[in-house]
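Report on the structure given below.
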Amino acid sequence: MNFRTSQAANCLLSIILVTAVLFSSSFSPAVFAQDDTAAASAASSEETTAAPTTEAATDQTAAGSSSGDTQTSLLDPEGAGAPEIDGNAYVLYDVQSATFLLGKNQDTPLSPASITKVMTVLLAFENLNMTDTITITRDMYDSIPNDYVRLGLVEGEVITVEEAIYACLMISANDAAMALAVTIGGSVEGFSKMMNERAVELGCLHTNFTNPYGFADENHLTTARDMALIMAEALKNELYTKISTTANYTMPATNKNSEPRGLTNGNRFVSTTTYAYESYIGGKTGVTDMSGHTIVAGARENGRTLIGVILGASGSEVRYANLISLFNYGFENYSTASVDPAEYAQLQKQTVDQVLAGIESAGYALEITDTQLQTDPYCTTTSAKAASGYSTNIDTSQAVIKADLSEQTLVFPLYRQYSDSSKDQVGTLTIIICDPKSAGTYAEAAAEANKPKTSVFSVIIRAGIVLLLLCILAFSIIVYVMLQKEKKRRRSRRRPRVL
């Protein structure tokens with residue numbers, strides 16, 4: 001074999017080897033991994049609320065599952081002895097324990113008027129610095145009706161964010177609210193979208209804002225319940241309390257207004273002695289023909305914060321008087337106390353022992369792999385119940401340990417039980433049970449789910465490469481055959497002639 005033929009043979013051998021390797025890797029087993037949904041389904045186990053009794057698994061509808069009813073539960077729906085409230089809706093909310101104490105039509109969407117500005121100011125706190133400046137444009141005041149309150153801002157005027165907030169909360173200046181809104185959201189529509197998204201984050205169920213200051217729009221609606229949640233969030237910022245409880249504020253001269261502007265707080269909790277309320281920590285009022293008189297406010301006594309909301313009151317002063325009565329009733333007739341997880345340590349041990357005993361007596365191949373005790377930070381009840389004391393209780397009666405499930409999560413409610421046999425849930429005890437024989441199944445499924453996936457695109461690319469290499473291989477074989485024929489022809493020419 002001459003050098004040229006040897007070189008062709010070696011080239012051909014190399015091509016064959018490369019093709020074999022690529023062909024093998026492209027079509028190896030398990031090219032396609034499970035998708036995320038399938039992997040998660042394979043790795044998960046059925047979850048049920050169970051007690052330390054045992055039986056085979058059956059389909060159950062989880063207790064307390066959502067049925068589409070969004071009616072807010074009240075701690076004291078009857079409100080015996082509670083003050084009469086002039087309004088279409090109201091609610092009293094305990095911030096520490098996140099408990100709605102009493103109310104009426106608390107989930108009915110109604111027009112809020114200027115208490116809308118609580119959300120506007122909240123978003124200003126969250127998105128702007130107080131020293132940021134705002135240059136006023138015509139779209140910040142042109143659309144405001146003439147009979148709505150204004151600060152008197154003009155095009156090109158420069159004010160600070162802090163000054164705009166003072167104007168919003170002290171005199172309910174609608175152009176100041178619009179200045180904040182357009183600065184943050186770019187437009188009324190953009191800011192309204194932000195308002196509604198934030199409302200959902202706070203747990204509001206029936207709120208739809210269409211503007212930042214409370215313009216009377218039939219689609220601009222909220223509920224007493226939702227406004228309580230918004231007010232509670234705003235009051236987390238101490239600056240809200242500082243500004244909304246300020247009696248008088250002087251706004252400095254600006255580039256378009258040579259005289260300082262004096263602002264006097266229009267809220268009667270601050271501006272009058274008749275309705276002055278020592279526990280008041282901030283709020284907002286509003287009024288339009290559509291909404292009637294509205295008010296939302298917070299009050300704090302002994303570290304405990306209550307939020308009161310009244311929508312659709314018949315007059316301006318009655319809402320202040322009603323809200324003071326509502327606050328006083330709330331502080332006197334309800335008690336909020338912290339929940340100590342240590343109170344439930346013995347119940348936790350007893351329940352774990354009962355679960356183990358149930359597993360053993362039934363002969364199930366199961367074991368407890370984890371327990372979690374979770375309690376609410378605070379619990380609110382009536383003052384009468386709190387005075388009579390309480391016992392700790394755990395409910396182990398609602399479900400069962402299921403024999404044919406390799407992993408189960410048992411959830412037991414924790415209660416405070418009072419002398420009248422009523423009780424408040426204050427947390428849960430969670431016990432996780434596993435079959436030790438399948439302990440590795442879930443980890444394996446998760447690992448399989450995390451394997452790199454071979455996409456359809458990459459498979460097509462590999463197939464294309466293999467096809468190309470096969471063409472090269474075929475071409476090489478043809479060349480090799482031709483070279484061999486040429487070699488034989490040349491040899492035949494060199495043979496000596498026999499005479």
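Ordered as shown in the structure tokens, chains take letters A, B, and onward, while each chain numbers its residues from 1 and ligands are numbered from 1 in the order shown.
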
Using DSSP secondary structure from the backbone, list all strand (DSSP E) positions within region 298-428 of chain A, as a PyMOL selection string.
chain A and resi 298-301+304-313+334-338+367-375+378-382+390-394+401-402+407-418+423-428

Contact residues around region 253-263 of chain A with only C-alpha atoms at 9 Å, ignoring same-chain residues under 2 positions, as a JSON list (two decimals) with C-alpha atoms, in the first residue's frame:
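Heads up, here's the output in result-v7.json:
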```json
[["chain", "number", "residue", "atom", "x", "y", "z"],
["A", 151, "LEU", "CA", -53.40, 72.95, 46.72],
["A", 153, "LEU", "CA", -50.22, 73.74, 41.95],
["A", 154, "VAL", "CA", -49.34, 75.15, 38.53],
["A", 155, "GLU", "CA", -47.40, 73.88, 35.53],
["A", 156, "GLY", "CA", -43.65, 73.94, 36.06],
["A", 157, "GLU", "CA", -43.88, 74.30, 39.86],
["A", 158, "VAL", "CA", -41.42, 72.18, 41.82],
["A", 159, "ILE", "CA", -42.35, 70.65, 45.18],
["A", 166, "TYR", "CA", -48.57, 66.77, 53.80],
["A", 167, "ALA", "CA", -51.03, 68.37, 51.39],
["A", 170, "MET", "CA", -53.86, 67.51, 55.95],
["A", 171, "ILE", "CA", -56.13, 69.28, 53.45],
["A", 247, "ALA", "CA", -52.23, 70.37, 63.26],
["A", 248, "ASN", "CA", -50.46, 73.04, 61.17],
["A", 249, "TYR", "CA", -47.73, 72.90, 58.53],
["A", 250, "THR", "CA", -46.06, 75.62, 56.48],
["A", 251, "MET", "CA", -45.13, 74.68, 52.96],
["A", 265, "ASN", "CA", -55.36, 69.79, 59.28]]
```

Pick out the residues sitting within 9 Å of region 244-246 of chain A, and hand them over as a PyMOL selection string; count only C-alpha atoms, and ignore anything fewer than 5 positions along from it in its own chain.
chain A and resi 166+169-170+239+264-265+267+269-270+280-284

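The helix (DSSP H, G or I) portion of region 206-237 of chain A consists of Ala224, Arg225, Asp226, Met227, Ala228, Leu229, Ile230, Met231, Ala232, Glu233 and Ala234 of chain A, with states taken from DSSP on the backbone.
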
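Taking only C-alpha atoms into account, Thr223 (chain A) lies nearest to A:Thr72 out of the set A:Thr72, A:Ser325, A:Ser338, A:Ser143.
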
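Atom to atom, CA of Val287 (chain A) and CA of Leu221 (chain A) stand 13.7 Å apart.
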
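Rounded to one decimal, CA of Pro77 (chain A) and CA of Ala337 (chain A) lie 20.5 Å from each other.
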
Could you list, with a cut-off of 6 Å and counting only C-alpha atoms, the residues of region 206-244 of chain A near region 117-140 of chain A, each shown with its nearest atom pair and the distance in Å rounded to one decimal, rows sorted by chain and ascending number, as JSON lines?
```
{"residue": "A:Pro212", "atom": "CA", "partner": "A:Thr120", "partner_atom": "CA", "distance": 5.9}
{"residue": "A:Tyr213", "atom": "CA", "partner": "A:Lys117", "partner_atom": "CA", "distance": 5.3}
{"residue": "A:Ala234", "atom": "CA", "partner": "A:Leu122", "partner_atom": "CA", "distance": 5.3}
```

Given the selection you just returned, output its residues as a file containing C-alpha atoms, formatted as a PDB file, in the first residue's frame.
```pdb
ATOM      1  CA  PRO A 212     -55.480  58.134  43.051  1.00  0.00           C
ATOM      2  CA  TYR A 213     -57.599  60.645  44.949  1.00  0.00           C
ATOM      3  CA  ALA A 234     -49.783  52.605  55.946  1.00  0.00           C
TER       4      ALA A 234
END
```

Show which residues sit within 12 Å of region 345-354 of chain A, as a PyMOL selection string. Count only C-alpha atoms, and ignore same-chain residues fewer than 6 positions away.
chain A and resi 50-54+360-361+367-375+391-397+401+410-415+427-433

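From CA of Gly214 (chain A) back to CA of Tyr275 (chain A), the distance works out to 24.3 Å.
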